[in-house]
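Trainee: If it helps, the file is called start_32.tsv and holds TSV, C-alpha atoms:
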chain	number	residue	atom	x	y	z
A	1	MET	CA	-64.15	-104.74	-83.11
A	2	ARG	CA	-63.56	-101.27	-81.72
A	3	LYS	CA	-59.91	-100.32	-81.42
A	4	ALA	CA	-58.52	-97.18	-79.78
A	5	ALA	CA	-55.16	-95.46	-79.89
A	6	VAL	CA	-54.73	-93.54	-76.64
A	7	VAL	CA	-52.34	-90.62	-77.09
A	8	PRO	CA	-51.47	-88.61	-73.96
A	9	ALA	CA	-50.39	-85.10	-74.96
A	10	TYR	CA	-49.25	-82.11	-72.94
A	11	ASN	CA	-48.39	-79.05	-75.03
A	12	GLU	CA	-47.50	-81.06	-78.12
A	13	ALA	CA	-48.92	-78.65	-80.71
A	14	GLY	CA	-45.75	-79.06	-82.76
A	15	SER	CA	-46.23	-82.77	-83.34
A	16	ILE	CA	-49.76	-83.85	-82.42
A	17	GLY	CA	-51.28	-83.28	-85.87
A	18	ALA	CA	-48.65	-85.41	-87.57
A	19	VAL	CA	-48.87	-88.11	-84.88
A	20	VAL	CA	-52.66	-88.41	-85.27
A	21	ALA	CA	-52.38	-88.49	-89.07
A	22	GLU	CA	-49.65	-91.12	-88.89
A	23	ILE	CA	-51.70	-93.39	-86.62
A	24	ARG	CA	-54.78	-93.07	-88.83
A	25	ALA	CA	-52.69	-93.83	-91.89
A	26	ALA	CA	-51.14	-96.88	-90.22
A	27	ASP	CA	-54.51	-98.35	-89.25
A	28	PRO	CA	-57.71	-96.57	-90.36
A	29	GLU	CA	-59.76	-98.76	-88.00
A	30	LEU	CA	-58.14	-97.18	-84.95
A	31	GLU	CA	-60.11	-94.46	-83.19
A	32	VAL	CA	-57.43	-92.00	-82.14
A	33	VAL	CA	-58.17	-90.76	-78.63
A	34	VAL	CA	-55.93	-87.83	-77.73
A	35	VAL	CA	-55.94	-87.03	-74.03
A	36	ASP	CA	-55.10	-83.35	-73.75
A	37	ASP	CA	-53.52	-83.04	-70.32
A	38	GLY	CA	-54.34	-79.40	-69.71
A	39	SER	CA	-52.37	-78.06	-72.67
A	40	THR	CA	-52.26	-74.31	-73.25
A	41	ASP	CA	-50.94	-74.33	-76.81
A	42	GLY	CA	-53.95	-75.50	-78.80
A	43	THR	CA	-53.03	-79.20	-78.76
A	44	ALA	CA	-56.71	-80.15	-78.39
A	45	GLN	CA	-57.93	-78.15	-81.42
A	46	LEU	CA	-55.08	-79.40	-83.62
A	47	ALA	CA	-55.76	-83.01	-82.63
A	48	ARG	CA	-59.47	-82.62	-83.30
A	49	ARG	CA	-58.79	-81.05	-86.68
A	50	ALA	CA	-56.58	-84.03	-87.51
A	51	GLY	CA	-59.56	-86.29	-86.85
A	52	ALA	CA	-58.98	-87.46	-83.30
A	53	THR	CA	-61.44	-87.83	-80.45
A	54	VAL	CA	-60.15	-85.44	-77.80
A	55	LEU	CA	-60.58	-85.80	-74.06
A	56	SER	CA	-59.59	-82.50	-72.48
A	57	LEU	CA	-58.54	-82.55	-68.85
A	58	PRO	CA	-59.33	-79.22	-67.17
A	59	TYR	CA	-55.77	-78.92	-65.83
A	60	ASN	CA	-52.53	-80.85	-65.97
A	61	LEU	CA	-52.81	-84.15	-64.09
A	62	GLY	CA	-49.64	-85.89	-65.26
A	63	ILE	CA	-48.99	-88.67	-67.73
A	64	GLY	CA	-50.43	-91.48	-65.58
A	65	ALA	CA	-53.81	-89.86	-65.09
A	66	ALA	CA	-53.93	-88.81	-68.75
A	67	VAL	CA	-53.35	-92.36	-70.00
A	68	GLN	CA	-55.89	-93.64	-67.49
A	69	THR	CA	-58.50	-91.18	-68.76
A	70	GLY	CA	-58.07	-92.51	-72.30
A	71	LEU	CA	-58.41	-96.08	-71.06
A	72	GLN	CA	-61.50	-95.16	-69.03
A	73	TYR	CA	-63.01	-93.90	-72.29
A	74	ALA	CA	-62.07	-97.18	-73.99
A	75	CYS	CA	-63.41	-99.31	-71.13
A	76	GLU	CA	-66.72	-97.40	-70.89
A	77	ASN	CA	-67.33	-97.49	-74.64
A	78	GLY	CA	-66.72	-101.19	-75.10
A	79	PHE	CA	-63.39	-101.10	-76.93
A	80	GLU	CA	-61.74	-104.50	-77.38
A	81	LEU	CA	-58.22	-103.29	-78.03
A	82	ALA	CA	-56.29	-100.21	-77.03
A	83	VAL	CA	-52.80	-99.08	-77.88
A	84	GLN	CA	-50.95	-96.35	-76.04
A	85	ILE	CA	-48.66	-94.10	-78.06
A	86	ASP	CA	-46.82	-90.96	-76.99
A	87	GLY	CA	-47.99	-87.68	-78.47
A	88	ASP	CA	-44.49	-86.41	-79.22
A	89	GLY	CA	-43.79	-88.61	-82.23
A	90	GLN	CA	-41.29	-90.88	-80.47
A	91	HIS	CA	-43.13	-94.05	-81.35
A	92	ASP	CA	-43.41	-95.21	-84.93
A	93	ALA	CA	-47.07	-95.90	-85.78
A	94	ARG	CA	-45.98	-98.30	-88.51
A	95	GLU	CA	-44.94	-100.71	-85.76
A	96	LEU	CA	-48.47	-100.84	-84.36
A	97	GLU	CA	-49.39	-103.95	-86.30
A	98	GLN	CA	-46.41	-105.81	-84.89
A	99	LEU	CA	-47.17	-104.55	-81.37
A	100	CYS	CA	-50.83	-105.59	-81.50
A	101	ALA	CA	-50.18	-109.02	-83.02
A	102	PRO	CA	-49.71	-111.01	-79.76
A	103	VAL	CA	-52.78	-109.37	-78.20
A	104	LEU	CA	-54.97	-109.97	-81.26
A	105	ALA	CA	-53.75	-113.56	-81.42
A	106	GLY	CA	-54.84	-114.05	-77.82
A	107	GLU	CA	-51.29	-114.88	-76.72
A	108	ALA	CA	-51.07	-111.98	-74.30
A	109	ASP	CA	-53.33	-109.50	-72.51
A	110	ILE	CA	-50.79	-106.75	-72.89
A	111	ALA	CA	-47.86	-106.22	-75.24
A	112	VAL	CA	-45.13	-103.72	-74.42
A	113	GLY	CA	-42.86	-102.23	-77.05
A	114	THR	CA	-39.33	-102.62	-75.76
A	115	ARG	CA	-36.44	-100.54	-77.03
A	116	PHE	CA	-33.72	-102.96	-75.98
A	117	ALA	CA	-34.15	-105.64	-78.60
A	118	GLY	CA	-34.31	-105.75	-82.38
A	119	GLU	CA	-32.11	-104.09	-84.99
A	120	ARG	CA	-32.21	-100.38	-84.17
A	121	ARG	CA	-31.18	-100.52	-80.55
A	122	TYR	CA	-31.92	-97.52	-78.39
A	123	ARG	CA	-28.84	-95.92	-76.79
A	124	PRO	CA	-29.80	-93.71	-73.84
A	125	SER	CA	-27.31	-91.86	-71.62
A	126	VAL	CA	-25.29	-93.93	-69.13
A	127	ALA	CA	-27.22	-92.63	-66.11
A	128	ARG	CA	-30.55	-93.38	-67.67
A	129	ARG	CA	-29.38	-96.79	-68.84
A	130	ILE	CA	-28.36	-97.69	-65.28
A	131	GLY	CA	-31.74	-96.53	-63.95
A	132	ILE	CA	-33.66	-98.48	-66.56
A	133	ALA	CA	-31.55	-101.62	-66.00
A	134	LEU	CA	-32.01	-101.32	-62.24
A	135	PHE	CA	-35.78	-101.18	-62.43
A	136	ALA	CA	-35.90	-103.82	-65.16
A	137	GLY	CA	-33.94	-106.17	-62.87
A	138	LEU	CA	-36.07	-105.34	-59.86
A	139	VAL	CA	-39.34	-105.80	-61.73
A	140	SER	CA	-38.10	-109.04	-63.32
A	141	LEU	CA	-37.41	-110.34	-59.81
A	142	ILE	CA	-40.83	-109.32	-58.51
A	143	VAL	CA	-42.87	-110.66	-61.41
A	144	ARG	CA	-40.61	-113.69	-62.07
A	145	GLN	CA	-40.47	-113.02	-65.81
A	146	ARG	CA	-37.71	-111.35	-67.79
A	147	VAL	CA	-38.64	-107.71	-68.44
A	148	THR	CA	-36.15	-105.52	-70.32
A	149	ASP	CA	-37.89	-102.17	-70.64
A	150	THR	CA	-40.06	-100.96	-67.76
A	151	THR	CA	-40.23	-97.36	-68.96
A	152	SER	CA	-41.86	-97.91	-72.32
A	153	GLY	CA	-45.05	-95.99	-73.00
A	154	PHE	CA	-45.76	-97.89	-76.21
A	155	ARG	CA	-48.23	-100.65	-75.38
A	156	ALA	CA	-51.17	-102.63	-76.71
A	157	MET	CA	-53.77	-104.31	-74.50
A	158	ASN	CA	-57.02	-106.22	-74.68
A	159	ARG	CA	-60.21	-105.42	-72.80
A	160	ARG	CA	-58.95	-106.98	-69.55
A	161	GLY	CA	-55.89	-104.74	-69.64
A	162	ILE	CA	-57.92	-101.68	-70.60
A	163	CYS	CA	-60.41	-102.01	-67.76
A	164	LEU	CA	-57.74	-102.96	-65.20
A	165	PHE	CA	-55.84	-99.73	-65.91
A	166	ALA	CA	-59.07	-97.73	-66.17
A	167	ALA	CA	-59.77	-98.67	-62.56
A	168	ASP	CA	-56.25	-98.57	-61.15
A	169	TYR	CA	-53.26	-96.75	-62.60
A	170	PRO	CA	-50.32	-94.99	-60.93
A	171	HIS	CA	-50.25	-91.18	-60.90
A	172	ASP	CA	-46.85	-90.19	-62.23
A	173	TYR	CA	-44.00	-92.09	-63.91
A	174	PRO	CA	-46.48	-94.97	-64.08
A	175	GLU	CA	-44.87	-97.58	-66.33
A	176	VAL	CA	-42.82	-99.52	-63.75
A	177	GLU	CA	-45.67	-99.87	-61.28
A	178	ALA	CA	-48.12	-100.63	-64.06
A	179	THR	CA	-45.95	-103.57	-65.13
A	180	VAL	CA	-46.10	-105.05	-61.63
A	181	LEU	CA	-49.84	-104.38	-61.47
A	182	VAL	CA	-50.33	-106.40	-64.66
A	183	PHE	CA	-48.63	-109.44	-63.14
A	184	ARG	CA	-50.34	-109.12	-59.79
A	185	HIS	CA	-53.68	-109.31	-61.57
A	186	ARG	CA	-52.33	-112.38	-63.41
A	187	LEU	CA	-52.53	-110.86	-66.85
A	188	ARG	CA	-50.13	-112.18	-69.47
A	189	MET	CA	-47.55	-109.73	-70.75
A	190	VAL	CA	-45.09	-109.99	-73.62
A	191	GLU	CA	-42.43	-107.60	-74.88
A	192	VAL	CA	-42.20	-106.74	-78.56
A	193	PRO	CA	-39.02	-105.15	-79.96
A	194	VAL	CA	-39.64	-101.67	-81.35
A	195	ALA	CA	-37.51	-98.76	-82.54
A	196	MET	CA	-37.57	-95.32	-80.95
A	197	ARG	CA	-37.19	-92.08	-82.84
A	198	THR	CA	-35.80	-88.87	-81.48
A	199	ARG	CA	-38.52	-86.50	-80.40
A	200	ALA	CA	-40.21	-84.56	-83.20
A	201	ALA	CA	-40.78	-81.52	-80.97
A	202	GLY	CA	-40.97	-80.52	-77.30
A	203	HIS	CA	-38.88	-81.81	-74.42
A	204	SER	CA	-38.71	-85.05	-72.48
A	205	SER	CA	-40.59	-84.87	-69.22
A	206	ILE	CA	-37.67	-86.46	-67.36
A	207	THR	CA	-34.94	-83.98	-66.39
A	208	ALA	CA	-31.85	-84.62	-64.26
A	209	PHE	CA	-33.45	-83.31	-61.08
A	210	ARG	CA	-36.68	-85.16	-61.61
A	211	SER	CA	-34.91	-88.47	-62.10
A	212	LEU	CA	-34.03	-88.41	-58.38
A	213	TYR	CA	-37.68	-88.05	-57.51
A	214	TYR	CA	-38.43	-90.72	-60.12
A	215	MET	CA	-36.05	-93.24	-58.52
A	216	GLY	CA	-37.34	-92.56	-55.02
A	217	LYS	CA	-41.00	-92.57	-55.90
A	218	VAL	CA	-40.90	-95.72	-58.02
A	219	SER	CA	-38.74	-97.63	-55.52
A	220	LEU	CA	-41.07	-96.73	-52.66
A	221	ALA	CA	-44.11	-97.71	-54.71
A	222	LEU	CA	-42.54	-101.05	-55.63
A	223	PHE	CA	-41.57	-101.99	-52.08
A	224	VAL	CA	-44.82	-100.88	-50.49
A	225	GLY	CA	-46.63	-102.66	-53.31
A	226	LEU	CA	-45.03	-105.91	-52.16
A	227	LEU	CA	-46.61	-105.41	-48.73
A	228	ARG	CA	-50.11	-105.22	-50.17
A	229	PRO	CA	-52.24	-108.36	-50.35
A	230	ARG	CA	-52.58	-109.98	-53.76
A	231	PRO	CA	-55.74	-108.88	-55.57
A	232	ALA	CA	-58.38	-111.51	-56.25
A	233	THR	CA	-58.09	-113.03	-59.71
A	234	GLY	CA	-60.59	-112.28	-62.45
B	1	MET	CA	-47.74	-73.97	-5.51
B	2	ILE	CA	-46.90	-70.63	-7.14
B	3	PRO	CA	-46.99	-70.91	-10.89
B	4	THR	CA	-43.67	-70.15	-12.54
B	5	ARG	CA	-43.48	-67.72	-15.43
B	6	LEU	CA	-43.23	-70.58	-17.94
B	7	THR	CA	-46.42	-72.16	-16.64
B	8	LEU	CA	-48.27	-68.87	-17.08
B	9	VAL	CA	-46.94	-68.22	-20.59
B	10	ALA	CA	-47.60	-71.77	-21.77
B	11	ALA	CA	-51.10	-71.86	-20.29
B	12	LEU	CA	-51.94	-68.49	-21.83
B	13	ALA	CA	-50.65	-69.48	-25.27
B	14	VAL	CA	-52.58	-72.75	-25.24
B	15	ALA	CA	-55.73	-71.03	-24.03
B	16	LEU	CA	-55.47	-68.51	-26.87
B	17	ILE	CA	-55.06	-71.26	-29.45
B	18	LEU	CA	-58.05	-73.16	-28.06
B	19	VAL	CA	-60.18	-70.02	-28.25
B	20	ALA	CA	-59.01	-69.44	-31.83
B	21	ILE	CA	-59.95	-73.02	-32.77
B	22	ILE	CA	-63.42	-72.70	-31.23
B	23	GLU	CA	-63.93	-69.38	-32.99
B	24	LEU	CA	-62.89	-70.85	-36.38
B	25	ILE	CA	-65.36	-73.70	-35.93
B	26	ARG	CA	-68.09	-71.23	-34.93
B	27	ARG	CA	-67.54	-69.28	-38.16
B	28	HIS	CA	-67.58	-72.49	-40.23
B	29	ARG	CA	-64.00	-71.90	-41.32
B	30	LEU	CA	-62.73	-75.11	-39.69
B	31	GLN	CA	-64.49	-78.47	-39.76
B	32	GLU	CA	-64.86	-80.30	-36.47
B	33	ARG	CA	-63.09	-83.39	-37.82
B	34	TYR	CA	-59.92	-81.38	-38.48
B	35	ALA	CA	-60.20	-79.42	-35.24
B	36	LEU	CA	-60.26	-82.49	-32.99
B	37	LEU	CA	-56.53	-83.22	-33.29
B	38	TRP	CA	-55.69	-79.59	-32.56
B	39	ILE	CA	-58.00	-79.52	-29.53
B	40	ALA	CA	-56.44	-82.71	-28.21
B	41	THR	CA	-53.01	-81.14	-28.66
B	42	GLY	CA	-54.11	-78.01	-26.83
B	43	MET	CA	-55.70	-79.93	-23.95
B	44	VAL	CA	-52.63	-82.07	-23.31
B	45	MET	CA	-50.40	-78.98	-23.44
B	46	LEU	CA	-52.68	-77.08	-21.07
B	47	VAL	CA	-52.73	-79.91	-18.53
B	48	LEU	CA	-48.95	-80.33	-18.64
B	49	ALA	CA	-48.38	-76.57	-18.41
B	50	ILE	CA	-50.62	-76.06	-15.37
B	51	TRP	CA	-50.12	-79.33	-13.52
B	52	ARG	CA	-46.41	-79.07	-12.80
B	53	GLN	CA	-46.16	-82.38	-10.87
B	54	ALA	CA	-47.58	-84.27	-13.83
B	55	LEU	CA	-45.00	-82.67	-16.13
B	56	ASP	CA	-42.19	-83.48	-13.67
B	57	ALA	CA	-43.34	-87.09	-13.33
B	58	PHE	CA	-43.69	-87.44	-17.10
B	59	SER	CA	-40.25	-85.98	-17.86
B	60	HIS	CA	-38.73	-88.24	-15.21
B	61	LEU	CA	-40.48	-91.23	-16.78
B	62	ILE	CA	-39.07	-90.56	-20.26
B	63	GLY	CA	-35.65	-89.52	-18.94
B	64	VAL	CA	-35.76	-85.78	-19.69
B	65	ALA	CA	-33.77	-83.83	-17.06
B	66	TYR	CA	-35.37	-80.44	-17.69
B	67	PRO	CA	-39.20	-80.71	-17.54
B	68	PRO	CA	-40.00	-77.75	-19.85
B	69	SER	CA	-38.09	-79.62	-22.61
B	70	ALA	CA	-40.55	-82.48	-22.18
B	71	LEU	CA	-43.35	-79.98	-22.71
B	72	PHE	CA	-41.85	-78.88	-26.04
B	73	MET	CA	-41.22	-82.47	-27.03
B	74	VAL	CA	-44.87	-83.37	-26.47
B	75	ALA	CA	-45.92	-80.32	-28.46
B	76	GLY	CA	-43.55	-81.28	-31.29
B	77	LEU	CA	-44.86	-84.84	-31.41
B	78	PHE	CA	-48.46	-83.69	-31.58
B	79	VAL	CA	-47.62	-81.29	-34.42
B	80	LEU	CA	-45.98	-84.16	-36.30
B	81	VAL	CA	-49.10	-86.29	-35.91
B	82	VAL	CA	-51.29	-83.43	-37.12
B	83	LEU	CA	-49.03	-82.90	-40.17
B	84	LEU	CA	-49.04	-86.60	-41.01
B	85	HIS	CA	-52.81	-86.55	-40.76
B	86	TYR	CA	-52.88	-83.61	-43.18
B	87	SER	CA	-50.70	-85.53	-45.65
B	88	THR	CA	-53.27	-88.31	-45.71
B	89	VAL	CA	-56.04	-85.77	-46.19
B	90	LEU	CA	-54.04	-84.17	-49.02
B	91	SER	CA	-53.51	-87.54	-50.69
B	92	ARG	CA	-57.20	-88.33	-50.52
B	93	LEU	CA	-58.16	-84.93	-51.87
B	94	SER	CA	-55.72	-85.13	-54.78
B	95	GLU	CA	-57.04	-88.59	-55.66
B	96	GLN	CA	-60.63	-87.32	-55.59
B	97	ASN	CA	-59.58	-84.26	-57.55
B	98	LYS	CA	-58.00	-86.44	-60.24
B	99	THR	CA	-61.11	-88.60	-60.52
B	100	LEU	CA	-63.27	-85.50	-60.81
B	101	ALA	CA	-61.13	-84.00	-63.60
B	102	GLN	CA	-61.22	-87.31	-65.49
B	103	ARG	CA	-65.01	-87.51	-65.18
B	104	ILE	CA	-65.30	-83.98	-66.55
B	105	ALA	CA	-63.12	-84.80	-69.58
B	106	LEU	CA	-65.18	-87.94	-70.31
B	107	LEU	CA	-68.52	-86.18	-69.83
B	108	GLU	CA	-67.49	-83.26	-72.06
B	109	GLU	CA	-66.65	-85.69	-74.84
B	110	LYS	CA	-69.98	-87.46	-74.37
B	111	LEU	CA	-71.76	-84.11	-74.57
B	112	ARG	CA	-69.86	-83.19	-77.73
B	113	GLN	CA	-70.87	-86.48	-79.37
B	114	ARG	CA	-74.52	-85.90	-78.46
B	115	GLU	CA	-74.51	-82.39	-79.92
B	116	ARG	CA	-72.73	-83.21	-83.16
B	117	PRO	CA	-75.56	-85.10	-85.00
B	118	ARG	CA	-78.11	-82.48	-83.95
B	119	ARG	CA	-76.02	-79.77	-85.58
B	120	ALA	CA	-75.74	-81.81	-88.78
B	121	ALA	CA	-79.49	-82.41	-89.01
For the file at hand, write its structure as structure tokens.
Mentor:
Amino acid sequence: MRKAAVVPAYNEAGSIGAVVAEIRAADPELEVVVVDDGSTDGTAQLARRAGATVLSLPYNLGIGAAVQTGLQYACENGFELAVQIDGDGQHDARELEQLCAPVLAGEADIAVGTRFAGERRYRPSVARRIGIALFAGLVSLIVRQRVTDTTSGFRAMNRRGICLFAADYPHDYPEVEATVLVFRHRLRMVEVPVAMRTRAAGHSSITAFRSLYYMGKVSLALFVGLLRPRPATG
Amino acid sequence: MIPTRLTLVAALAVALILVAIIELIRRHRLQERYALLWIATGMVMLVLAIWRQALDAFSHLIGVAYPPSALFMVAGLFVLVVLLHYSTVLSRLSEQNKTLAQRIALLEEKLRQRERPRRAA
């Protein structure tokens, strides 16, 4: 069974080598696919040297398109399982086994690592916590299943999930919309508690000013999404 | 009816814009599909600027007391429609651009994989 770890990376030279090594150490069967989103700091070369397959986008497209590119690679090359891990070292590769378990067992098409359960609970700032709770509540209402973390970029999926996202994935700040997309296509999703580390290097892509755009964009996408007809199953 | 100064100025401005549009198309710097909305805008403006009774009747119909204001309102509305049209064009282009960049990244990797064994042999 071919398994891929899709790692979107934009100027993560400081951490990408270690992230790739960590993933390979955690599961040698995983083909690490780093999607270099138009980096200018040698991220691609460092990832390749660490043993990853590197897909280099000619210019920065944003996290959504980067993840989608990795999943397109996985879909086209017949991969059965794909995990998505951030390139900044926030996600602990040792939790991959736990994350993949429900997908490998056939209990779910997609498993999302949630930061709001388990022992080491994630404590974001008040503003961010409100935003996350708001969208979690909204998404839970729309999909009629309890969802606690709609911003997690730590996920595992089977071939159905891979090829769904390869064909259709939101541009920027994609996680909330992607969650709804999963349910609209009647895929089964579960949440798995995971821990988050502080970033090894670089900066979070979400700044105070951008969070306004984030709220507006995601809300609009959610509400307009409700007006679209349901996709055919299968 | 003697044309007022406004009628002359408006008609002249619209005529100039129409000529500019035709010239841009002639030099292949503007595609016909994107020129059509502009030409429609220009035509409506020209008719309303020259045909004063039509403008008066129209402004009366929509409740505008001062007819030249109705002229500007029509122009403003047309510009809004053109801009909205451009936003849809922009969205389509950025989507196509994204797909293109993704194809390039995937093809480059495929090429790299093809070349690797040959180098080893």
Trainee: Please return, as a PyMOL selection string, all residues of chain A lying within 12 Å of chain B when all atoms listed in the file are considered.
Mentor: chain A and resi 33-38+44+48+52-77+166-172
Trainee: Next, the residues of the selection above should be written as a JSON list (two decimals), in the coordinates of the input with C-alpha atoms.
Mentor:
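To be explicit, this is the file written out as again_37.json:
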[["chain", "number", "residue", "atom", "x", "y", "z"],
["A", 33, "VAL", "CA", -58.17, -90.76, -78.63],
["A", 34, "VAL", "CA", -55.93, -87.83, -77.73],
["A", 35, "VAL", "CA", -55.94, -87.03, -74.03],
["A", 36, "ASP", "CA", -55.10, -83.35, -73.75],
["A", 37, "ASP", "CA", -53.52, -83.04, -70.32],
["A", 38, "GLY", "CA", -54.34, -79.40, -69.71],
["A", 44, "ALA", "CA", -56.71, -80.15, -78.39],
["A", 48, "ARG", "CA", -59.47, -82.62, -83.30],
["A", 52, "ALA", "CA", -58.98, -87.46, -83.30],
["A", 53, "THR", "CA", -61.44, -87.83, -80.45],
["A", 54, "VAL", "CA", -60.15, -85.44, -77.80],
["A", 55, "LEU", "CA", -60.58, -85.80, -74.06],
["A", 56, "SER", "CA", -59.59, -82.50, -72.48],
["A", 57, "LEU", "CA", -58.54, -82.55, -68.85],
["A", 58, "PRO", "CA", -59.33, -79.22, -67.17],
["A", 59, "TYR", "CA", -55.77, -78.92, -65.83],
["A", 60, "ASN", "CA", -52.53, -80.85, -65.97],
["A", 61, "LEU", "CA", -52.81, -84.15, -64.09],
["A", 62, "GLY", "CA", -49.64, -85.89, -65.26],
["A", 63, "ILE", "CA", -48.99, -88.67, -67.73],
["A", 64, "GLY", "CA", -50.43, -91.48, -65.58],
["A", 65, "ALA", "CA", -53.81, -89.86, -65.09],
["A", 66, "ALA", "CA", -53.93, -88.81, -68.75],
["A", 67, "VAL", "CA", -53.35, -92.36, -70.00],
["A", 68, "GLN", "CA", -55.89, -93.64, -67.49],
["A", 69, "THR", "CA", -58.50, -91.18, -68.76],
["A", 70, "GLY", "CA", -58.07, -92.51, -72.30],
["A", 71, "LEU", "CA", -58.41, -96.08, -71.06],
["A", 72, "GLN", "CA", -61.50, -95.16, -69.03],
["A", 73, "TYR", "CA", -63.01, -93.90, -72.29],
["A", 74, "ALA", "CA", -62.07, -97.18, -73.99],
["A", 75, "CYS", "CA", -63.41, -99.31, -71.13],
["A", 76, "GLU", "CA", -66.72, -97.40, -70.89],
["A", 77, "ASN", "CA", -67.33, -97.49, -74.64],
["A", 166, "ALA", "CA", -59.07, -97.73, -66.17],
["A", 167, "ALA", "CA", -59.77, -98.67, -62.56],
["A", 168, "ASP", "CA", -56.25, -98.57, -61.15],
["A", 169, "TYR", "CA", -53.26, -96.75, -62.60],
["A", 170, "PRO", "CA", -50.32, -94.99, -60.93],
["A", 171, "HIS", "CA", -50.25, -91.18, -60.90],
["A", 172, "ASP", "CA", -46.85, -90.19, -62.23]]
Trainee: So for segment 45-59 of chain A, what box centre and size do we get, axis-aligned, 3 Å extra on each of the six sides, every listed atom, Å to one decimal, as AutoDock Vina command-line options?
Mentor:
--center_x -58.3 --center_y -83.0 --center_z -76.7 --size_x 12.4 --size_y 15.7 --size_z 27.7
Trainee: Tell me which protein, DNA and RNA residues are within 9 Å of Arg2 of chain A, counting all atoms listed in the file, leaving out same-chain ones fewer than 4 positions away, and put them as a PDB file with C-alpha atoms, keeping the file's coordinate frame.
Mentor:
ATOM      1  CA  GLU A  29     -59.760 -98.760 -88.000  1.00  0.00           C
ATOM      2  CA  LEU A  30     -58.140 -97.180 -84.950  1.00  0.00           C
ATOM      3  CA  GLU A  31     -60.110 -94.460 -83.190  1.00  0.00           C
ATOM      4  CA  ALA A  74     -62.070 -97.180 -73.990  1.00  0.00           C
ATOM      5  CA  ASN A  77     -67.330 -97.490 -74.640  1.00  0.00           C
ATOM      6  CA  GLY A  78     -66.720-101.190 -75.100  1.00  0.00           C
ATOM      7  CA  PHE A  79     -63.390-101.100 -76.930  1.00  0.00           C
ATOM      8  CA  GLU A  80     -61.740-104.500 -77.380  1.00  0.00           C
ATOM      9  CA  LEU A  81     -58.220-103.290 -78.030  1.00  0.00           C
ATOM     10  CA  ALA A  82     -56.290-100.210 -77.030  1.00  0.00           C
TER      11      ALA A  82
END
Trainee: What does the distance from atom CA of Thr151 of chain A to atom CA of Thr114 of chain A come to in Å, to one decimal?
Mentor: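 These two atoms are separated by 8.6 Å.
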Trainee: Within 10 Å of segment 213-225 of chain A, counting all atoms listed in the file, which residues qualify if same-chain residues fewer than 2 places away don't, as a list in words?
Mentor: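 Answer for this query is Gly131, Ile132, Leu134, Phe135, Leu138, Val139, Ile142, Pro170, Asp172, Tyr173, Pro174, Glu175, Val176, Glu177, Val180, Leu181, Arg184, Ile206, Thr207, Ala208, Phe209, Arg210, Ser211, Leu227, Arg228, Pro229 and Arg230 of chain A.
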Trainee: Taking all atoms listed in the file into account, which of B:Arg52, B:Arg27, B:His60, B:Arg33 comes nearest Ala10 of chain B?
Mentor: B:Arg52
Trainee: Skip segment 185-187 of chain A itself and residues of its chain fewer than 3 positions away, then list as a ChimeraX atom specification all residues within 7 Å of it, counting all atoms listed in the file.
Mentor: /A:109,181-182,231,233
Trainee: Could you list, as a ChimeraX atom specification, every residue within 9 Å of Val192 of chain A, counting all atoms listed in the file and ignoring same-chain residues fewer than 2 positions away?
Mentor: /A:98-99,102,111-115,117-118,190,194
